[in-house]
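S.K.: Just entry-v1.tsv, nothing more (TSV, C-alpha atoms):
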chain	number	residue	atom	x	y	z
A	373	MET	CA	260.85	83.21	108.05
A	374	THR	CA	264.25	83.75	106.51
A	375	ILE	CA	265.06	86.85	104.46
A	376	ASN	CA	267.89	86.47	101.97
A	377	LYS	CA	269.19	89.80	100.82
A	378	THR	CA	271.00	90.49	97.55
A	379	GLU	CA	272.10	93.91	96.34
A	380	GLU	CA	272.86	94.55	92.68
A	381	GLY	CA	273.72	98.24	92.27
A	382	SER	CA	270.56	100.17	93.11
A	383	THR	CA	268.43	97.02	92.99
A	384	LEU	CA	267.63	95.21	96.21
A	385	ILE	CA	266.32	91.65	96.12
A	386	LEU	CA	264.71	90.23	99.25
A	387	ALA	CA	264.00	86.51	98.94
A	388	LEU	CA	261.41	85.42	101.50
A	389	GLU	CA	261.42	81.89	102.78
A	390	GLY	CA	258.77	80.40	105.08
A	391	ARG	CA	255.78	82.15	106.62
A	392	LEU	CA	255.00	85.85	106.40
A	393	ASP	CA	252.49	86.24	109.23
A	394	THR	CA	251.70	88.26	112.36
A	395	THR	CA	254.83	86.94	114.07
A	396	THR	CA	257.31	87.43	111.23
A	397	ALA	CA	255.92	90.49	109.39
A	398	PRO	CA	257.73	92.92	111.76
A	399	GLU	CA	261.07	91.37	110.69
A	400	LEU	CA	260.37	92.19	107.05
A	401	GLU	CA	259.09	95.64	107.97
A	402	THR	CA	262.34	96.40	109.83
A	403	GLU	CA	264.48	95.00	107.02
A	404	ILE	CA	262.67	97.18	104.47
A	405	LYS	CA	262.85	100.26	106.67
A	406	GLU	CA	266.60	99.87	107.14
A	407	SER	CA	267.57	98.82	103.63
A	408	LEU	CA	265.74	101.10	101.19
A	409	ASP	CA	268.07	104.12	101.23
A	410	GLY	CA	269.23	104.68	97.65
A	411	VAL	CA	267.31	101.66	96.35
A	412	GLU	CA	265.60	102.34	93.01
A	413	LYS	CA	264.19	98.90	92.46
A	414	LEU	CA	262.97	96.52	95.13
A	415	ILE	CA	262.27	92.91	94.20
A	416	LEU	CA	260.48	90.57	96.57
A	417	ASP	CA	261.20	86.97	95.62
A	418	MET	CA	258.39	84.71	96.88
A	419	GLU	CA	259.41	81.36	95.47
A	420	GLU	CA	259.93	79.86	98.93
A	421	LEU	CA	257.12	81.71	100.67
A	422	VAL	CA	254.51	79.22	101.87
A	423	TYR	CA	252.06	81.36	103.82
A	424	LEU	CA	250.85	84.95	103.76
A	425	SER	CA	248.32	86.63	106.05
A	426	SER	CA	247.05	90.20	106.26
A	427	ALA	CA	249.95	91.21	108.52
A	428	GLY	CA	252.29	90.36	105.63
A	429	LEU	CA	250.06	92.13	103.11
A	430	ARG	CA	250.29	95.27	105.21
A	431	VAL	CA	254.09	95.25	105.01
A	432	ILE	CA	254.03	94.53	101.27
A	433	LEU	CA	251.60	97.40	100.70
A	434	GLY	CA	253.80	99.71	102.79
A	435	ALA	CA	256.82	98.73	100.70
A	436	GLN	CA	254.90	99.35	97.46
A	437	LYS	CA	253.85	102.82	98.65
A	438	LYS	CA	257.41	103.65	99.62
A	439	MET	CA	258.86	102.41	96.32
A	440	ASN	CA	256.21	104.37	94.37
A	441	ARG	CA	257.97	107.47	95.71
A	442	GLN	CA	261.55	106.45	95.05
A	443	GLY	CA	261.54	103.97	92.18
A	444	SER	CA	259.70	100.74	91.52
A	445	MET	CA	258.90	97.42	93.09
A	446	ALA	CA	258.25	93.98	91.66
A	447	VAL	CA	257.18	90.70	93.16
A	448	ARG	CA	258.47	87.59	91.47
A	449	TYR	CA	258.13	83.80	91.47
A	450	VAL	CA	254.73	83.95	93.16
A	451	ASN	CA	253.44	80.41	93.69
A	452	ASP	CA	249.77	79.37	93.46
A	453	THR	CA	249.14	79.51	97.19
A	454	ILE	CA	250.35	83.07	97.54
A	455	MET	CA	248.75	84.16	94.26
A	456	GLU	CA	245.38	83.10	95.64
A	457	VAL	CA	245.86	85.54	98.54
A	458	PHE	CA	246.86	88.35	96.15
A	459	GLU	CA	243.81	87.69	93.97
A	460	VAL	CA	241.28	87.63	96.80
A	461	THR	CA	242.58	90.91	98.22
A	462	GLY	CA	242.98	92.77	94.91
A	463	PHE	CA	246.76	92.93	95.33
A	464	THR	CA	247.16	91.56	91.80
A	465	ASP	CA	246.07	95.02	90.62
A	466	ILE	CA	248.49	97.05	92.70
A	467	LEU	CA	251.61	94.90	92.53
A	468	THR	CA	253.87	94.26	89.56
A	469	ILE	CA	254.00	90.50	89.50
A	470	GLU	CA	256.74	89.04	87.33
B	530	MET	CA	234.77	68.00	119.15
B	531	ALA	CA	237.69	69.52	121.01
B	532	GLU	CA	238.05	72.69	123.02
B	533	LEU	CA	241.07	74.79	123.93
B	534	ASN	CA	241.04	77.48	126.58
B	535	LEU	CA	243.91	79.92	126.84
B	536	GLN	CA	244.91	83.56	127.18
B	537	ALA	CA	244.29	85.56	124.02
B	538	THR	CA	247.86	86.68	123.39
B	539	LEU	CA	249.94	86.75	120.22
B	540	GLU	CA	252.35	84.29	121.83
B	541	ASN	CA	249.55	81.72	121.95
B	542	LEU	CA	248.69	81.89	118.26
B	543	ASP	CA	250.92	78.90	117.46
B	544	LYS	CA	249.16	76.85	120.14
B	545	VAL	CA	245.79	77.57	118.54
B	546	LEU	CA	247.08	76.68	115.06
B	547	ASN	CA	248.64	73.45	116.32
B	548	PHE	CA	245.48	72.53	118.22
B	549	VAL	CA	243.26	72.85	115.14
B	550	ASN	CA	245.76	71.31	112.75
B	551	GLN	CA	246.23	68.26	114.97
B	552	TYR	CA	242.48	67.80	115.15
B	553	LEU	CA	242.23	67.99	111.36
B	554	GLU	CA	245.18	65.69	110.68
B	555	GLU	CA	243.14	62.51	110.30
B	556	TYR	CA	240.76	64.12	107.80
B	557	GLU	CA	243.44	64.81	105.21
B	558	CYS	CA	242.34	68.34	104.57
B	559	PRO	CA	243.62	69.62	101.17
B	560	MET	CA	246.58	71.99	101.40
B	561	LYS	CA	244.77	75.00	99.97
B	562	ALA	CA	241.87	74.69	102.42
B	563	GLN	CA	244.36	74.09	105.21
B	564	MET	CA	246.14	77.35	104.49
B	565	GLN	CA	242.87	79.25	104.25
B	566	ILE	CA	241.87	77.82	107.62
B	567	ASP	CA	245.26	78.82	109.09
B	568	ILE	CA	244.85	82.35	107.77
B	569	ALA	CA	241.31	82.58	109.19
B	570	ILE	CA	242.51	81.38	112.61
B	571	GLU	CA	245.37	83.86	112.60
B	572	GLU	CA	243.21	86.81	111.58
B	573	ILE	CA	240.47	86.08	114.12
B	574	PHE	CA	242.69	85.14	117.05
B	575	VAL	CA	245.03	88.10	116.50
B	576	ASN	CA	242.01	90.42	116.46
B	577	ILE	CA	240.88	89.00	119.80
B	578	ALA	CA	244.43	89.32	121.21
B	579	HIS	CA	244.74	92.91	120.03
B	580	TYR	CA	241.31	94.34	120.72
B	581	ALA	CA	238.93	92.22	122.83
B	582	TYR	CA	240.42	93.15	126.21
B	583	HIS	CA	242.41	96.20	125.16
B	584	PRO	CA	244.60	97.43	126.81
B	585	SER	CA	244.66	94.30	128.98
B	586	THR	CA	244.39	90.63	128.00
B	587	GLY	CA	241.87	87.93	128.80
B	588	PRO	CA	240.79	84.41	128.00
B	589	ALA	CA	239.60	82.91	124.73
B	590	SER	CA	238.04	79.58	123.99
B	591	ILE	CA	238.42	77.78	120.67
B	592	CYS	CA	236.20	74.88	119.64
B	593	VAL	CA	236.83	72.72	116.62
B	594	ASP	CA	234.54	70.12	115.15
B	595	VAL	CA	234.25	68.27	111.88
B	596	GLU	CA	230.76	67.78	110.49
B	597	GLU	CA	229.92	65.26	107.84
B	598	ASP	CA	227.66	65.52	104.84
B	599	PRO	CA	228.91	67.85	103.64
B	600	LEU	CA	232.34	67.31	105.13
B	601	GLN	CA	233.29	70.56	106.77
B	602	VAL	CA	235.25	71.91	109.67
B	603	SER	CA	233.62	74.26	112.12
B	604	ILE	CA	235.76	76.44	114.37
B	605	SER	CA	234.34	78.84	116.92
B	606	PHE	CA	236.17	81.54	118.86
B	607	ALA	CA	234.70	82.89	122.08
B	608	ASP	CA	235.92	85.75	124.25
B	609	ASN	CA	234.37	87.79	127.07
B	610	GLY	CA	235.75	91.10	125.88
B	611	ILE	CA	234.19	94.21	124.42
B	612	PRO	CA	231.14	93.31	122.29
B	613	TYR	CA	232.34	93.46	118.70
B	614	ASP	CA	230.82	92.08	115.52
B	615	PRO	CA	233.61	91.96	112.91
B	616	LEU	CA	231.08	91.15	110.19
B	617	LYS	CA	229.70	94.67	110.49
B	618	LYS	CA	233.00	96.16	109.41
B	619	ASP	CA	232.88	97.54	105.86
B	620	ASP	CA	234.88	95.60	103.30
B	621	PRO	CA	237.99	97.42	102.09
B	622	ASP	CA	237.79	98.86	98.57
B	623	ILE	CA	240.11	96.49	96.74
B	624	GLY	CA	239.86	98.49	93.52
B	625	LEU	CA	241.96	101.39	94.78
B	626	SER	CA	245.56	102.07	93.83
B	627	ALA	CA	248.39	101.26	96.22
B	628	ASP	CA	248.70	104.87	97.36
B	629	GLU	CA	244.96	105.19	98.00
B	630	ARG	CA	244.61	101.91	99.83
B	631	GLU	CA	244.68	101.91	103.57
B	632	ILE	CA	246.71	99.54	105.60
B	633	GLY	CA	244.20	97.49	107.52
B	634	GLY	CA	240.79	95.84	107.28
B	635	LEU	CA	242.10	93.08	105.06
B	636	GLY	CA	242.15	90.32	107.65
B	637	ILE	CA	238.46	89.78	108.26
B	638	PHE	CA	237.83	90.40	104.55
B	639	MET	CA	240.12	87.47	103.69
B	640	VAL	CA	238.25	85.29	106.19
B	641	LYS	CA	234.88	86.22	104.62
B	642	LYS	CA	236.17	85.44	101.15
B	643	SER	CA	237.82	82.12	101.94
B	644	MET	CA	235.34	80.49	104.34
B	645	ASP	CA	232.01	78.95	103.31
B	646	ASN	CA	230.19	80.38	106.28
B	647	ILE	CA	230.92	82.89	109.01
B	648	SER	CA	228.56	83.90	111.79
B	649	TYR	CA	228.65	86.08	114.88
B	650	GLN	CA	226.59	86.09	118.02
B	651	TYR	CA	226.82	87.89	121.35
B	652	LYS	CA	225.56	85.56	124.02
B	653	ASP	CA	225.82	85.63	127.84
B	654	GLY	CA	228.58	88.22	127.74
B	655	SER	CA	230.62	86.43	125.07
B	656	ASN	CA	231.53	87.25	121.51
B	657	ILE	CA	231.24	84.04	119.52
B	658	LEU	CA	232.52	83.96	115.97
B	659	THR	CA	232.09	80.70	114.05
B	660	ILE	CA	233.64	79.84	110.71
B	661	LYS	CA	232.90	76.84	108.53
B	662	LYS	CA	234.94	75.51	105.67
B	663	LYS	CA	234.04	72.59	103.39
B	664	PHE	CA	236.81	70.35	102.15
Show how you would write the structure in this file as structure tokens.
M.R.:
Amino acid sequence: MTINKTEEGSTLILALEGRLDTTTAPELETEIKESLDGVEKLILDMEELVYLSSAGLRVILGAQKKMNRQGSMAVRYVNDTIMEVFEVTGFTDILTIE
Amino acid sequence: MAELNLQATLENLDKVLNFVNQYLEEYECPMKAQMQIDIAIEEIFVNIAHYAYHPSTGPASICVDVEEDPLQVSISFADNGIPYDPLKKDDPDIGLSADEREIGGLGIFMVKKSMDNISYQYKDGSNILTIKKKF
């Protein structure tokens, strides 16, 4: 997985490319842990994300909980494959999907 | 039918995925079903790697077969670790808010939701979990 990071003021955009799975989820977890200081809006761009398992969902949920305390979070450009995973797990109800 | 025997470690997850995907190649499995199968393999194999022989590691055996009429893939995972029936685990409450939801329990839930059949048996000292997916 590749994480492309863009900062616009207090907004942080993380564009995820590839597979968010057991092997790669720790990379995103570390990136989020290290980058959220002072961030008021976190955007996860999933246009190029092709695979998502529960290990990735755990990190996304952790990010949502963290951003609930310090601002907001949105997930954008979710493709059909990933949307299916969000729907099955009820994540469509807890995420802001743009 | 094909069988793969290896150590149940996270490092071997790719080998398991490649093994099943190569077997399925000639059947032209649709992409959506393919991803659901990949997710199921990851969730089940990672569970075995994490918990079956905790805190040590041990062997796992993966069998893949394609049955016809209806066309479906059958994958079974066997380990000789601690007896554990993942189907007995309560489903997570997916109606809760982000702050109320717990991190965990989603993996086997996704497998239950995306496969057509999932069964568990404990036989001769082995946990055997079998999933079936029509395509």
S.K.: Using all atoms listed in the file, can you tell me which of A:Glu380, A:Glu459, A:Glu401, A:Glu470 comes closest to Gly624 of chain B?
M.R.: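 Closest to Gly624 of chain B, using all atoms listed in the file: A:Glu459.
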S.K.: Of the residues B:Ser585, B:Asn547, B:Ser648, B:Ser643, which is the one nearest to Lys662 of chain B, using only C-alpha atoms?
M.R.: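 Residue with the minimum atom-to-atom distance to Lys662 of chain B: B:Ser643.
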S.K.: What residues in chain A have any atom no more than 9 Å from chain B when counting all atoms listed in the file, and can you write them as a ChimeraX atom specification?
M.R.: /A:393-395,422-427,429-431,433-434,436-437,440,453,457,460-463,465-467
S.K.: Using C-alpha atoms, can you write the selected residues to a file as a PDB file, in the coordinates of the input?
M.R.:
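Output saved as part.pdb:
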ATOM      1  CA  ASP A 393     252.490  86.240 109.230  1.00  0.00           C
ATOM      2  CA  THR A 394     251.700  88.260 112.360  1.00  0.00           C
ATOM      3  CA  THR A 395     254.830  86.940 114.070  1.00  0.00           C
ATOM      4  CA  VAL A 422     254.510  79.220 101.870  1.00  0.00           C
ATOM      5  CA  TYR A 423     252.060  81.360 103.820  1.00  0.00           C
ATOM      6  CA  LEU A 424     250.850  84.950 103.760  1.00  0.00           C
ATOM      7  CA  SER A 425     248.320  86.630 106.050  1.00  0.00           C
ATOM      8  CA  SER A 426     247.050  90.200 106.260  1.00  0.00           C
ATOM      9  CA  ALA A 427     249.950  91.210 108.520  1.00  0.00           C
ATOM     10  CA  LEU A 429     250.060  92.130 103.110  1.00  0.00           C
ATOM     11  CA  ARG A 430     250.290  95.270 105.210  1.00  0.00           C
ATOM     12  CA  VAL A 431     254.090  95.250 105.010  1.00  0.00           C
ATOM     13  CA  LEU A 433     251.600  97.400 100.700  1.00  0.00           C
ATOM     14  CA  GLY A 434     253.800  99.710 102.790  1.00  0.00           C
ATOM     15  CA  GLN A 436     254.900  99.350  97.460  1.00  0.00           C
ATOM     16  CA  LYS A 437     253.850 102.820  98.650  1.00  0.00           C
ATOM     17  CA  ASN A 440     256.210 104.370  94.370  1.00  0.00           C
ATOM     18  CA  THR A 453     249.140  79.510  97.190  1.00  0.00           C
ATOM     19  CA  VAL A 457     245.860  85.540  98.540  1.00  0.00           C
ATOM     20  CA  VAL A 460     241.280  87.630  96.800  1.00  0.00           C
ATOM     21  CA  THR A 461     242.580  90.910  98.220  1.00  0.00           C
ATOM     22  CA  GLY A 462     242.980  92.770  94.910  1.00  0.00           C
ATOM     23  CA  PHE A 463     246.760  92.930  95.330  1.00  0.00           C
ATOM     24  CA  ASP A 465     246.070  95.020  90.620  1.00  0.00           C
ATOM     25  CA  ILE A 466     248.490  97.050  92.700  1.00  0.00           C
ATOM     26  CA  LEU A 467     251.610  94.900  92.530  1.00  0.00           C
TER      27      LEU A 467
END
S.K.: What does the distance from atom CA of Ile375 of chain A to atom CA of Glu419 of chain A come to in Å, to one decimal?
M.R.: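 That distance, rounded to one decimal, is 12.0 Å.
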S.K.: When distances are computed from all atoms listed in the file, which of A:Glu399, A:Asp409, A:Asp417, A:Glu456 shows the smallest separation from Leu386 of chain A?
M.R.: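 Once distances to Leu386 of chain A are computed over all atoms listed in the file, the minimum belongs to A:Asp417.
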S.K.: So what do you get for atom CA of Ile604 of chain B versus atom CA of Ile566 of chain B, distance-wise?
M.R.: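 Between these atoms lies a distance of 9.2 Å.
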S.K.: Hey, could you pull the box centre and edge lengths for segment 438-444 of chain A, axis-aligned, 3 Å padding per side, all listed atoms, to one decimal in Å, as lines of an AutoDock Vina configuration file?
M.R.:
center_x = 258.9
center_y = 104.1
center_z = 95.6
size_x = 11.3
size_y = 12.7
size_z = 14.1
S.K.: Between B:Ser590, B:Ser655, B:Leu546, B:Leu553, which residue has the minimum interatomic distance to Phe606 of chain B, considering only C-alpha atoms?
M.R.: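 Selected residue with least distance to Phe606 of chain B: B:Ser590.
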S.K.: Between A:Gly390, A:Gly443, A:Ile385, A:Ala435, which has the minimum distance to Met373 of chain A (counting all atoms listed in the file)?
M.R.: A:Gly390
S.K.: Quick one: residues within 7 Å of Phe664 of chain B, only C-alpha atoms counted, chain neighbours fewer than 2 positions away excluded, as a PyMOL selection string?
M.R.: chain B and resi 558-559+562+600-601+662
S.K.: Using only C-alpha atoms, find the one residue out of A:Met439, A:Val447, A:Met455, A:Ile469 that sits nearest to Glu412 of chain A.
M.R.: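 Checking each of A:Met439, A:Val447, A:Met455, A:Ile469 against Glu412 of chain A, counting only C-alpha atoms, the winner is A:Met439.
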S.K.: Do you have the atom CA of Leu384 of chain A-atom CA of Ala446 of chain A distance handy?
M.R.: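 Computing the Euclidean distance for atom CA of Leu384 of chain A and atom CA of Ala446 of chain A yields 10.5 Å.
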S.K.: May I have the protein, DNA and RNA residues with an atom at most 6 Å from (258.1, 84.0, 100.2), counting all atoms listed in the file in the file's coordinates, returned as a ChimeraX atom specification?
M.R.: /A:388-389,418-421
S.K.: Please, could N, CA and C atoms be added to segment 552-579 of chain B and the result written as a CSV table (one decimal), in the coordinates of the input?
M.R.:
chain,number,residue,atom,x,y,z
B,552,TYR,N,243.8,68.3,115.2
B,552,TYR,CA,242.5,67.8,115.2
B,552,TYR,C,242.1,67.4,113.7
B,553,LEU,N,242.6,68.2,112.8
B,553,LEU,CA,242.2,68.0,111.4
B,553,LEU,C,243.1,66.9,110.7
B,554,GLU,N,244.2,66.6,111.3
B,554,GLU,CA,245.2,65.7,110.7
B,554,GLU,C,244.6,64.5,110.0
B,555,GLU,N,243.7,63.8,110.8
B,555,GLU,CA,243.1,62.5,110.3
B,555,GLU,C,242.2,62.7,109.1
B,556,TYR,N,241.7,63.9,108.9
B,556,TYR,CA,240.8,64.1,107.8
B,556,TYR,C,241.4,64.4,106.5
B,557,GLU,N,242.7,64.5,106.4
B,557,GLU,CA,243.4,64.8,105.2
B,557,GLU,C,242.9,66.0,104.4
B,558,CYS,N,242.8,67.1,105.1
B,558,CYS,CA,242.3,68.3,104.6
B,558,CYS,C,243.3,68.8,103.4
B,559,PRO,N,242.7,69.2,102.3
B,559,PRO,CA,243.6,69.6,101.2
B,559,PRO,C,244.5,70.8,101.6
B,560,MET,N,245.6,70.9,101.0
B,560,MET,CA,246.6,72.0,101.4
B,560,MET,C,246.0,73.4,101.3
B,561,LYS,N,245.3,73.6,100.2
B,561,LYS,CA,244.8,75.0,100.0
B,561,LYS,C,243.8,75.4,101.1
B,562,ALA,N,242.9,74.4,101.4
B,562,ALA,CA,241.9,74.7,102.4
B,562,ALA,C,242.6,74.8,103.8
B,563,GLN,N,243.6,74.0,104.0
B,563,GLN,CA,244.4,74.1,105.2
B,563,GLN,C,245.0,75.5,105.4
B,564,MET,N,245.5,76.0,104.3
B,564,MET,CA,246.1,77.4,104.5
B,564,MET,C,245.1,78.4,104.7
B,565,GLN,N,243.9,78.3,104.0
B,565,GLN,CA,242.9,79.2,104.2
B,565,GLN,C,242.4,79.2,105.7
B,566,ILE,N,242.3,78.0,106.2
B,566,ILE,CA,241.9,77.8,107.6
B,566,ILE,C,242.9,78.5,108.6
B,567,ASP,N,244.2,78.2,108.3
B,567,ASP,CA,245.3,78.8,109.1
B,567,ASP,C,245.2,80.3,109.1
B,568,ILE,N,244.9,80.9,107.9
B,568,ILE,CA,244.8,82.4,107.8
B,568,ILE,C,243.7,82.9,108.6
B,569,ALA,N,242.5,82.1,108.5
B,569,ALA,CA,241.3,82.6,109.2
B,569,ALA,C,241.6,82.6,110.7
B,570,ILE,N,242.2,81.5,111.2
B,570,ILE,CA,242.5,81.4,112.6
B,570,ILE,C,243.4,82.5,113.0
B,571,GLU,N,244.4,82.8,112.2
B,571,GLU,CA,245.4,83.9,112.6
B,571,GLU,C,244.6,85.2,112.7
B,572,GLU,N,243.9,85.5,111.6
B,572,GLU,CA,243.2,86.8,111.6
B,572,GLU,C,242.2,87.0,112.8
B,573,ILE,N,241.5,86.0,113.1
B,573,ILE,CA,240.5,86.1,114.1
B,573,ILE,C,241.1,86.1,115.5
B,574,PHE,N,242.1,85.2,115.7
B,574,PHE,CA,242.7,85.1,117.0
B,574,PHE,C,243.5,86.4,117.3
B,575,VAL,N,244.2,86.9,116.3
B,575,VAL,CA,245.0,88.1,116.5
B,575,VAL,C,244.1,89.3,116.8
B,576,ASN,N,243.0,89.3,116.2
B,576,ASN,CA,242.0,90.4,116.5
B,576,ASN,C,241.6,90.4,117.9
B,577,ILE,N,241.3,89.2,118.4
B,577,ILE,CA,240.9,89.0,119.8
B,577,ILE,C,242.0,89.4,120.7
B,578,ALA,N,243.3,89.0,120.4
B,578,ALA,CA,244.4,89.3,121.2
B,578,ALA,C,244.7,90.8,121.2
B,579,HIS,N,244.5,91.5,120.1
B,579,HIS,CA,244.7,92.9,120.0
B,579,HIS,C,243.6,93.8,120.7
